[in-house]
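Worksheet: one structure, shown below.
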Amino acid sequence: MKVIITDTGVYPGILNEEDVLITTGMNVHACAGCFGCFTKTPGVCVVDDDIADMGEKLAKCDDLYIVSRCWYGSYSPFVKTVMERCLSYIHPDFVIRDGVMRHKRRYNHEIRISAFFYGENIEEAEKETARELIRLNAINLYGKVSRIMFFTDALEIGGIQ
Amino acid sequence: MKVALICASPKGKESTSYLLLEEIKEKMQGNETEEIFIQPGINMDKAISRMFENEYVIFFYPLYVDGLPSTLLAFLTASEMKPHKRGIEVAEVCNCGYYEGKHGYISLRILENWAKKMHFTYHGGVSIGAAPAIETVREMPMGNAMLKRADQALSLIAAGNIKDNMSVNLGIPRLVYKKVVESNWRKEIRKNGLEARDLDNKMTE
């Protein structure tokens with residue numbers, strides 16, 4: 001199954017019954033930085049809203065599709081909020097991987113991550129930043145980058161398979 | 001010089017970001033500094049207008065998922081829509097929970113991209129590794145020596161002399177930092193009535 005995070009309601013391909021769609025208009029709050037998902041309710045966020053179980057959703061999905069306006073080479077505030085709430089997917093302890101510190105994995109699972117960025121005037125420096133952001137996120141989430149694409153108009157993303 | 005010190009941690013005054021803000025404030029005596037807090041629920045318009053009234057703006061924030069905290073991103077995107085003067089000077093201090101400061105390099109660049117889009121003068125930024133340990137290290141014998149590189153970077157920012165993005169680590173061994181953080185998780189989880197093995201909890205079984 002796939003998890004789709006989109007700030008426009010648009011997403012690539014079709015939505016199957018088992019897929020999870022996270023989009024604007026849902027009850028979504030910002031991460032409080034409290035680490036409750038590590039030490040109070042390990043594996044689940046303590047903020048009670050529509051995305052408290054992001055860790056579980058990621059643990060069960062094969063594909064993560066991220067559809068976001070590209071702001072300065074980052075996700076939009078909405079998509080970033082959802083990404084921050086995925087902290088429960090990883091383990092609080094540290095490991096040293098490729099010479100640097102990372103969080104340990106909570107699940108023995110690998111997600112394919114695809115990012116579909118849109119915006120009228122995304123500059124080359126912003127695209128480069130965005131590509132690097134996805135690469136880093138994939139390392140920290142023990143995932144694998146599948147596709148990173150840029151579009152002028154979000155509606156074009158609906159036509160991607 | 002009128003300086004805005006912007007604390008963009010959701011934890012406000014209880015944060016490592018604010019601790020670093022206070023350190024720079026100390027180094028900037030003689031300037032007219034004001035503190036602005038970017039947290040969920042604040043009046044964004046008011047905070048943006050206050051930022052624009054300054055000549056030098058310094059951001060302090062924690063690294064979240066390799067980037068800027070979402071509330072800070074929301075603040076930046078909203079600021080683009082408001083009329084503003086050009087040439088405001090910008091610098092940033094990113095604090096990382098990981099040992100190495102270099103994890104913050106993309107986050108520094110995201111804020112740099114914003115500053116350029118706004119036609120501001122971007123000076124540079126520093127990403128500090130193992131930042132949650134700063135307060136403890138400061139109290140240790142030789143603590144100031146261990147924080148020397150971080151202090152130097154903060155002094156550069158305070159003086160408006162930082163020229164690029166850089167990262168620093170604290171002068172403590174990585175394994176010690178790892179052990180201390182991991183032992184804190186265990187203390188914390190026991191305080192919450194659970195056991196150390198619950199840290200490994202999985203929602204799929």
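Each chain in the structure tokens gets a letter, A, B, ..., in the order shown, and its residues are numbered from 1; ligands are numbered from 1 in order too.
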Could you list, with a cut-off of 8 Å and counting only C-alpha atoms, the residues of region 65-169 of chain B near region 75-89 of chain A, each shown with its nearest atom pair and the distance in Å rounded to one decimal, rows sorted by chain and ascending number, as a tab-separated table?
```
residue	atom	partner	partner_atom	distance
B:Val65	CA	A:Glu84	CA	6.1
B:Pro69	CA	A:Lys80	CA	7.6
B:Ser70	CA	A:Pro77	CA	5.0
B:Thr71	CA	A:Pro77	CA	6.9
B:Leu73	CA	A:Pro77	CA	5.5
B:Ala74	CA	A:Pro77	CA	5.2
```
Wanna dump the chain A-chain B contacts at 9 Å for me, each residue with its shortest atom pair and the distance in Å to one decimal, counting only C-alpha atoms, ordered by chain and number, as CSV?
```
residue,atom,partner,partner_atom,distance
A:His29,CA,B:Pro40,CA,8.8
A:Ala30,CA,B:Ser70,CA,7.2
A:Cys31,CA,B:Pro10,CA,8.0
A:Ala32,CA,B:Pro10,CA,5.9
A:Gly33,CA,B:Pro10,CA,6.7
A:Cys34,CA,B:Lys11,CA,8.4
A:Phe38,CA,B:Leu199,CA,6.4
A:Thr39,CA,B:Ile189,CA,4.6
A:Lys40,CA,B:Asn192,CA,6.1
A:Thr41,CA,B:Asn201,CA,8.8
A:Pro42,CA,B:Leu199,CA,5.8
A:Gly43,CA,B:Asn201,CA,6.0
A:Val44,CA,B:Met203,CA,8.0
A:Asp53,CA,B:Met203,CA,8.9
A:Gly55,CA,B:Met203,CA,7.9
A:Glu56,CA,B:Met203,CA,5.6
A:Ala59,CA,B:Thr204,CA,7.2
A:Lys60,CA,B:Thr204,CA,7.5
A:Trp71,CA,B:Thr77,CA,7.4
A:Tyr72,CA,B:Asn113,CA,5.1
A:Gly73,CA,B:Ile110,CA,5.9
A:Ser74,CA,B:Ile110,CA,6.4
A:Tyr75,CA,B:Leu73,CA,8.7
A:Ser76,CA,B:Leu73,CA,7.4
A:Pro77,CA,B:Ser70,CA,5.0
A:Phe78,CA,B:Ser70,CA,7.4
A:Val79,CA,B:Ser70,CA,8.4
A:Lys80,CA,B:Ser70,CA,5.4
A:Thr81,CA,B:Ser70,CA,5.3
A:Val82,CA,B:Ser70,CA,8.9
A:Met83,CA,B:Val65,CA,7.2
A:Glu84,CA,B:Val65,CA,6.1
A:Cys86,CA,B:Val65,CA,8.9
A:Leu87,CA,B:Val65,CA,8.2
A:Tyr89,CA,B:Lys202,CA,8.9
A:His91,CA,B:Asp200,CA,6.9
A:Pro92,CA,B:Leu199,CA,7.4
A:Asp93,CA,B:Glu182,CA,5.7
A:Phe94,CA,B:Lys178,CA,6.5
A:Val95,CA,B:Lys178,CA,8.5
A:Val100,CA,B:Glu100,CA,7.0
A:Met101,CA,B:Tyr98,CA,6.0
A:Arg102,CA,B:Tyr98,CA,6.9
A:His103,CA,B:Tyr98,CA,8.4
A:Arg106,CA,B:Asp200,CA,6.4
A:Tyr107,CA,B:Lys202,CA,7.1
A:Ala125,CA,B:Asn113,CA,7.8
A:Glu126,CA,B:Asn113,CA,7.0
A:Thr129,CA,B:Ile106,CA,6.5
A:Ala130,CA,B:Ile106,CA,8.7
A:Glu132,CA,B:Ile106,CA,7.2
A:Leu133,CA,B:Ile106,CA,6.6
A:Leu136,CA,B:Asp66,CA,6.8
A:Asn137,CA,B:Asp66,CA,6.6
A:Asn140,CA,B:Val65,CA,8.1
```
- Message: I need the residues in chain A that are alpha helix (DSSP H) according to DSSP; give them as a PyMOL selection string.
- Response: chain A and resi 36-39+54-60+77-84+124-140
Export of the given selection (C-alpha atoms) as a PDB file, in the first residue's frame:
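File produced: again28.pdb:
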```pdb
ATOM      1  CA  GLY A  36       6.596  11.654  23.800  1.00  0.00           C
ATOM      2  CA  CYS A  37       6.628   9.284  20.797  1.00  0.00           C
ATOM      3  CA  PHE A  38       9.928   7.934  22.195  1.00  0.00           C
ATOM      4  CA  THR A  39       9.285   7.804  25.939  1.00  0.00           C
ATOM      5  CA  MET A  54       2.198   8.192  11.126  1.00  0.00           C
ATOM      6  CA  GLY A  55       4.892   5.805  12.430  1.00  0.00           C
ATOM      7  CA  GLU A  56       2.569   2.823  12.044  1.00  0.00           C
ATOM      8  CA  LYS A  57       1.403   4.019   8.623  1.00  0.00           C
ATOM      9  CA  LEU A  58       4.974   4.246   7.368  1.00  0.00           C
ATOM     10  CA  ALA A  59       5.816   0.848   8.853  1.00  0.00           C
ATOM     11  CA  LYS A  60       3.034  -0.692   6.764  1.00  0.00           C
ATOM     12  CA  PRO A  77       4.654  24.051   5.797  1.00  0.00           C
ATOM     13  CA  PHE A  78       1.774  21.512   5.658  1.00  0.00           C
ATOM     14  CA  VAL A  79       3.897  18.687   4.226  1.00  0.00           C
ATOM     15  CA  LYS A  80       6.762  19.530   6.589  1.00  0.00           C
ATOM     16  CA  THR A  81       4.360  19.339   9.547  1.00  0.00           C
ATOM     17  CA  VAL A  82       3.343  15.818   8.507  1.00  0.00           C
ATOM     18  CA  MET A  83       6.971  14.760   7.939  1.00  0.00           C
ATOM     19  CA  GLU A  84       7.907  15.953  11.435  1.00  0.00           C
ATOM     20  CA  GLU A 124      17.967  25.549  -9.950  1.00  0.00           C
ATOM     21  CA  ALA A 125      19.483  26.133  -6.473  1.00  0.00           C
ATOM     22  CA  GLU A 126      16.116  25.311  -4.916  1.00  0.00           C
ATOM     23  CA  LYS A 127      15.806  22.107  -6.962  1.00  0.00           C
ATOM     24  CA  GLU A 128      19.261  21.053  -5.847  1.00  0.00           C
ATOM     25  CA  THR A 129      18.361  21.762  -2.206  1.00  0.00           C
ATOM     26  CA  ALA A 130      15.109  19.788  -2.563  1.00  0.00           C
ATOM     27  CA  ARG A 131      16.885  16.774  -4.112  1.00  0.00           C
ATOM     28  CA  GLU A 132      19.366  16.771  -1.259  1.00  0.00           C
ATOM     29  CA  LEU A 133      16.571  17.105   1.330  1.00  0.00           C
ATOM     30  CA  ILE A 134      14.822  14.017  -0.065  1.00  0.00           C
ATOM     31  CA  ARG A 135      18.106  12.107  -0.119  1.00  0.00           C
ATOM     32  CA  LEU A 136      18.740  12.965   3.557  1.00  0.00           C
ATOM     33  CA  ASN A 137      15.158  12.168   4.597  1.00  0.00           C
ATOM     34  CA  ALA A 138      15.421   8.786   2.854  1.00  0.00           C
ATOM     35  CA  ILE A 139      18.647   7.966   4.737  1.00  0.00           C
ATOM     36  CA  ASN A 140      17.151   8.928   8.084  1.00  0.00           C
TER      37      ASN A 140
END
```
- Determine, counting only C-alpha atoms, which protein, DNA and RNA residues have an atom within 8 Å of an atom of Leu108 (chain B); residues of the same chain fewer than 6 positions away are not included. Present the result as a list in words. Glu92, Cys94, Gly125, Val126, Ser127 and Asn165 of chain B
- Query: Using only C-alpha atoms, which residues sit within 9 Å of region 146-158 of chain A once same-chain residues fewer than 6 positions away are excluded, as a list in words?
  - Reply: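 Skipping anything fewer than 6 positions along the chain leaves Thr8, Val10, Tyr11, Pro12, Gly13, Ile14, Asp63, Val67, Ser68, Arg69, Cys70, Arg112, Ile113, Ser114, Ala115, Phe116, Phe117, Tyr118, Gly119, Glu120, Asn121, Ile122, Lys127, Ala130, Arg131 and Ile134 of chain A.
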Next, the residues of the selection above should be written as an mmCIF file, in the first residue's frame with N, CA and C atoms.
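Full text of part_28.cif as output:
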```cif
data_model
loop_
_atom_site.group_PDB
_atom_site.id
_atom_site.type_symbol
_atom_site.label_atom_id
_atom_site.label_comp_id
_atom_site.auth_asym_id
_atom_site.auth_seq_id
_atom_site.Cartn_x
_atom_site.Cartn_y
_atom_site.Cartn_z
ATOM 1 N N THR A 8 -2.099 19.653 -2.041
ATOM 2 C CA THR A 8 -3.022 20.195 -3.058
ATOM 3 C C THR A 8 -4.238 19.304 -3.282
ATOM 4 N N VAL A 10 -3.957 16.809 -5.065
ATOM 5 C CA VAL A 10 -3.562 16.111 -6.292
ATOM 6 C C VAL A 10 -2.490 15.079 -5.941
ATOM 7 N N TYR A 11 -2.515 13.922 -6.635
ATOM 8 C CA TYR A 11 -1.476 12.913 -6.413
ATOM 9 C C TYR A 11 -1.315 12.087 -7.693
ATOM 10 N N PRO A 12 -0.169 11.427 -7.835
ATOM 11 C CA PRO A 12 0.052 10.634 -9.047
ATOM 12 C C PRO A 12 -0.694 9.305 -8.978
ATOM 13 N N GLY A 13 -1.088 8.776 -10.107
ATOM 14 C CA GLY A 13 -1.710 7.450 -10.162
ATOM 15 C C GLY A 13 -3.099 7.422 -9.551
ATOM 16 N N ILE A 14 -3.497 6.223 -9.125
ATOM 17 C CA ILE A 14 -4.839 6.080 -8.557
ATOM 18 C C ILE A 14 -4.738 5.711 -7.076
ATOM 19 N N ASP A 63 5.207 2.364 -0.464
ATOM 20 C CA ASP A 63 5.568 3.612 -1.136
ATOM 21 C C ASP A 63 5.084 4.817 -0.357
ATOM 22 N N VAL A 67 3.710 15.041 -2.281
ATOM 23 C CA VAL A 67 3.370 16.063 -3.275
ATOM 24 C C VAL A 67 3.379 17.411 -2.563
ATOM 25 N N SER A 68 4.278 18.287 -2.972
ATOM 26 C CA SER A 68 4.423 19.535 -2.221
ATOM 27 C C SER A 68 4.830 20.705 -3.108
ATOM 28 N N ARG A 69 4.300 21.877 -2.766
ATOM 29 C CA ARG A 69 4.873 23.086 -3.357
ATOM 30 C C ARG A 69 6.307 23.171 -2.869
ATOM 31 N N CYS A 70 7.204 23.600 -3.744
ATOM 32 C CA CYS A 70 8.605 23.716 -3.355
ATOM 33 C C CYS A 70 8.854 25.139 -2.847
ATOM 34 N N ARG A 112 9.893 2.961 -0.281
ATOM 35 C CA ARG A 112 10.302 3.689 -1.493
ATOM 36 C C ARG A 112 9.710 5.087 -1.394
ATOM 37 N N ILE A 113 10.559 6.083 -1.546
ATOM 38 C CA ILE A 113 10.092 7.466 -1.383
ATOM 39 C C ILE A 113 10.133 8.200 -2.722
ATOM 40 N N SER A 114 8.995 8.782 -3.100
ATOM 41 C CA SER A 114 8.938 9.599 -4.318
ATOM 42 C C SER A 114 8.459 10.992 -3.960
ATOM 43 N N ALA A 115 9.100 11.995 -4.529
ATOM 44 C CA ALA A 115 8.702 13.378 -4.246
ATOM 45 C C ALA A 115 8.322 14.075 -5.546
ATOM 46 N N PHE A 116 7.184 14.760 -5.517
ATOM 47 C CA PHE A 116 6.682 15.493 -6.681
ATOM 48 C C PHE A 116 6.509 16.949 -6.252
ATOM 49 N N PHE A 117 7.476 17.778 -6.624
ATOM 50 C CA PHE A 117 7.448 19.188 -6.230
ATOM 51 C C PHE A 117 6.828 20.023 -7.344
ATOM 52 N N TYR A 118 6.121 21.060 -6.970
ATOM 53 C CA TYR A 118 5.580 21.957 -7.991
ATOM 54 C C TYR A 118 5.768 23.416 -7.574
ATOM 55 N N GLY A 119 5.677 24.305 -8.566
ATOM 56 C CA GLY A 119 5.835 25.740 -8.314
ATOM 57 C C GLY A 119 6.180 26.442 -9.609
ATOM 58 N N GLU A 120 5.760 27.698 -9.731
ATOM 59 C CA GLU A 120 5.943 28.405 -11.017
ATOM 60 C C GLU A 120 7.405 28.718 -11.347
ATOM 61 N N ASN A 121 8.142 29.174 -10.352
ATOM 62 C CA ASN A 121 9.520 29.587 -10.652
ATOM 63 C C ASN A 121 10.515 28.929 -9.710
ATOM 64 N N ILE A 122 10.589 27.642 -9.760
ATOM 65 C CA ILE A 122 11.547 26.965 -8.871
ATOM 66 C C ILE A 122 12.942 27.135 -9.469
ATOM 67 N N LYS A 127 15.963 23.512 -6.556
ATOM 68 C CA LYS A 127 15.806 22.107 -6.962
ATOM 69 C C LYS A 127 16.912 21.253 -6.362
ATOM 70 N N ALA A 130 16.225 20.732 -2.749
ATOM 71 C CA ALA A 130 15.109 19.788 -2.563
ATOM 72 C C ALA A 130 15.565 18.344 -2.794
ATOM 73 N N ARG A 131 16.379 18.133 -3.840
ATOM 74 C CA ARG A 131 16.885 16.774 -4.112
ATOM 75 C C ARG A 131 17.695 16.255 -2.924
ATOM 76 N N ILE A 134 15.460 15.330 0.091
ATOM 77 C CA ILE A 134 14.822 14.017 -0.065
ATOM 78 C C ILE A 134 15.853 12.905 0.192
#
```
- Task: List every residue of region 82-152 of chain A that DSSP, applied to the backbone of this structure, places in strand (DSSP E), and write the result as a list of chain:residue names.
- Result: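 These are the residues in question: A:Ile90, A:His91, A:Pro92, A:Asp93, A:Phe94, A:Val95, A:Ile96, A:Arg97, A:Val100, A:Met101, A:Arg102, A:His103, A:Lys104, A:Arg105, A:Arg112, A:Ile113, A:Ser114, A:Ala115, A:Phe116, A:Phe117, A:Tyr118, A:Lys144, A:Val145, A:Ser146, A:Arg147, A:Ile148, A:Met149, A:Phe150, A:Phe151.
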- Query: Using only C-alpha atoms, which residue out of B:Ala158, B:Ile58, B:Ala153, B:Met1 lies closest to Leu170 (chain B)?
  - Reply: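 Comparing B:Ala158, B:Ile58, B:Ala153, B:Met1 against Leu170 (chain B), the winner is B:Ala153.
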- Item | Nearest-residue call for Ile128 (chain B), choices B:Ile48, B:Leu5, B:Ile36, B:Leu154, using only C-alpha atoms |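 Residue with the minimum atom-to-atom distance to Ile128 (chain B): B:Leu154.
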- Message: What's around Ile5 (chain A) at 7 Å? Count only C-alpha atoms, leave out sequence neighbours fewer than 4 positions away in its own chain, and write the answer as a count of residues only.
- Response: 7
- Task: Please provide as a PyMOL selection string all residues within 7 Å of Asn27 (chain A), with the sequence filter that same-chain residues fewer than 2 positions apart are discarded (counting only C-alpha atoms).
- Result: chain A and resi 25+29+49-50
Same residues, C-alpha atoms, output as an mmCIF file, in the first residue's frame:
```cif
data_model
loop_
_atom_site.group_PDB
_atom_site.id
_atom_site.type_symbol
_atom_site.label_atom_id
_atom_site.label_comp_id
_atom_site.auth_asym_id
_atom_site.auth_seq_id
_atom_site.Cartn_x
_atom_site.Cartn_y
_atom_site.Cartn_z
ATOM 1 C CA GLY A 25 -8.248 20.183 5.704
ATOM 2 C CA HIS A 29 -1.020 19.719 14.391
ATOM 3 C CA ASP A 49 -5.167 14.256 15.801
ATOM 4 C CA ASP A 50 -5.604 12.610 12.380
#
```
- Note on the structure: Judged by only C-alpha atoms, the minimum distance to Phe37 (chain B) among B:Asp151, B:Glu55, B:Glu14, B:Glu135 is found for B:Glu14
- Message: Applying 12 Å and only C-alpha atoms, which residues near Lys13 (chain B) remain after dropping the ones on its own chain fewer than 3 positions away? List them as number ranges by chain.
- Response: B: 6-10, 16-22, 35-39, 60-61
Would you export the selected residues with N, CA, C and O atoms as an mmCIF file, in the first residue's frame, please?
```
data_model
loop_
_atom_site.group_PDB
_atom_site.id
_atom_site.type_symbol
_atom_site.label_atom_id
_atom_site.label_comp_id
_atom_site.auth_asym_id
_atom_site.auth_seq_id
_atom_site.Cartn_x
_atom_site.Cartn_y
_atom_site.Cartn_z
ATOM 1 N N ILE B 6 15.475 35.793 16.566
ATOM 2 C CA ILE B 6 14.249 35.019 16.369
ATOM 3 C C ILE B 6 14.414 33.590 16.866
ATOM 4 O O ILE B 6 15.242 32.834 16.355
ATOM 5 N N CYS B 7 13.644 33.239 17.895
ATOM 6 C CA CYS B 7 13.684 31.886 18.443
ATOM 7 C C CYS B 7 12.554 31.083 17.815
ATOM 8 O O CYS B 7 11.389 31.352 18.052
ATOM 9 N N ALA B 8 12.905 30.096 16.995
ATOM 10 C CA ALA B 8 11.874 29.349 16.263
ATOM 11 C C ALA B 8 11.770 27.905 16.742
ATOM 12 O O ALA B 8 11.511 26.999 15.963
ATOM 13 N N SER B 9 11.969 27.702 18.039
ATOM 14 C CA SER B 9 11.738 26.369 18.603
ATOM 15 C C SER B 9 10.330 26.325 19.176
ATOM 16 O O SER B 9 9.914 27.285 19.839
ATOM 17 N N PRO B 10 9.597 25.222 18.962
ATOM 18 C CA PRO B 10 8.262 25.139 19.585
ATOM 19 C C PRO B 10 8.339 25.163 21.105
ATOM 20 O O PRO B 10 7.343 25.423 21.769
ATOM 21 N N THR B 16 16.975 24.737 23.506
ATOM 22 C CA THR B 16 18.396 24.959 23.211
ATOM 23 C C THR B 16 18.536 26.177 22.293
ATOM 24 O O THR B 16 19.493 26.936 22.399
ATOM 25 N N SER B 17 17.577 26.362 21.397
ATOM 26 C CA SER B 17 17.605 27.530 20.505
ATOM 27 C C SER B 17 17.665 28.819 21.329
ATOM 28 O O SER B 17 18.420 29.740 21.014
ATOM 29 N N TYR B 18 16.861 28.876 22.387
ATOM 30 C CA TYR B 18 16.833 30.102 23.196
ATOM 31 C C TYR B 18 18.134 30.281 23.989
ATOM 32 O O TYR B 18 18.616 31.396 24.160
ATOM 33 N N LEU B 19 18.702 29.167 24.426
ATOM 34 C CA LEU B 19 19.992 29.218 25.128
ATOM 35 C C LEU B 19 21.062 29.845 24.217
ATOM 36 O O LEU B 19 21.829 30.717 24.629
ATOM 37 N N LEU B 20 21.060 29.427 22.954
ATOM 38 C CA LEU B 20 22.025 29.969 21.988
ATOM 39 C C LEU B 20 21.717 31.431 21.689
ATOM 40 O O LEU B 20 22.614 32.256 21.524
ATOM 41 N N LEU B 21 20.425 31.747 21.641
ATOM 42 C CA LEU B 21 20.003 33.145 21.425
ATOM 43 C C LEU B 21 20.565 34.033 22.541
ATOM 44 O O LEU B 21 21.115 35.103 22.282
ATOM 45 N N GLU B 22 20.442 33.538 23.779
ATOM 46 C CA GLU B 22 20.942 34.335 24.912
ATOM 47 C C GLU B 22 22.461 34.517 24.839
ATOM 48 O O GLU B 22 22.980 35.563 25.218
ATOM 49 N N GLU B 35 13.644 40.195 20.988
ATOM 50 C CA GLU B 35 13.405 38.772 20.821
ATOM 51 C C GLU B 35 12.039 38.534 20.195
ATOM 52 O O GLU B 35 11.062 39.140 20.597
ATOM 53 N N ILE B 36 12.008 37.655 19.197
ATOM 54 C CA ILE B 36 10.733 37.294 18.572
ATOM 55 C C ILE B 36 10.604 35.776 18.636
ATOM 56 O O ILE B 36 11.545 35.055 18.291
ATOM 57 N N PHE B 37 9.453 35.296 19.092
ATOM 58 C CA PHE B 37 9.233 33.847 19.205
ATOM 59 C C PHE B 37 8.295 33.363 18.108
ATOM 60 O O PHE B 37 7.216 33.928 17.922
ATOM 61 N N ILE B 38 8.735 32.354 17.383
ATOM 62 C CA ILE B 38 7.896 31.756 16.335
ATOM 63 C C ILE B 38 7.452 30.394 16.832
ATOM 64 O O ILE B 38 8.237 29.439 16.848
ATOM 65 N N GLN B 39 6.211 30.307 17.258
ATOM 66 C CA GLN B 39 5.664 29.062 17.789
ATOM 67 C C GLN B 39 4.255 28.877 17.247
ATOM 68 O O GLN B 39 3.619 29.863 16.851
ATOM 69 N N PHE B 60 17.282 31.331 15.210
ATOM 70 C CA PHE B 60 17.757 30.207 16.039
ATOM 71 C C PHE B 60 16.676 29.141 15.989
ATOM 72 O O PHE B 60 15.523 29.412 16.314
ATOM 73 N N TYR B 61 17.047 27.926 15.582
ATOM 74 C CA TYR B 61 16.021 26.885 15.475
ATOM 75 C C TYR B 61 16.633 25.498 15.597
ATOM 76 O O TYR B 61 17.815 25.296 15.320
#
```
- Message: I'd like the interatomic distance between CA of Ile90 (chain A) and CA of Leu141 (chain A), to a tenth of an Å.
- Response: 7.0 Å
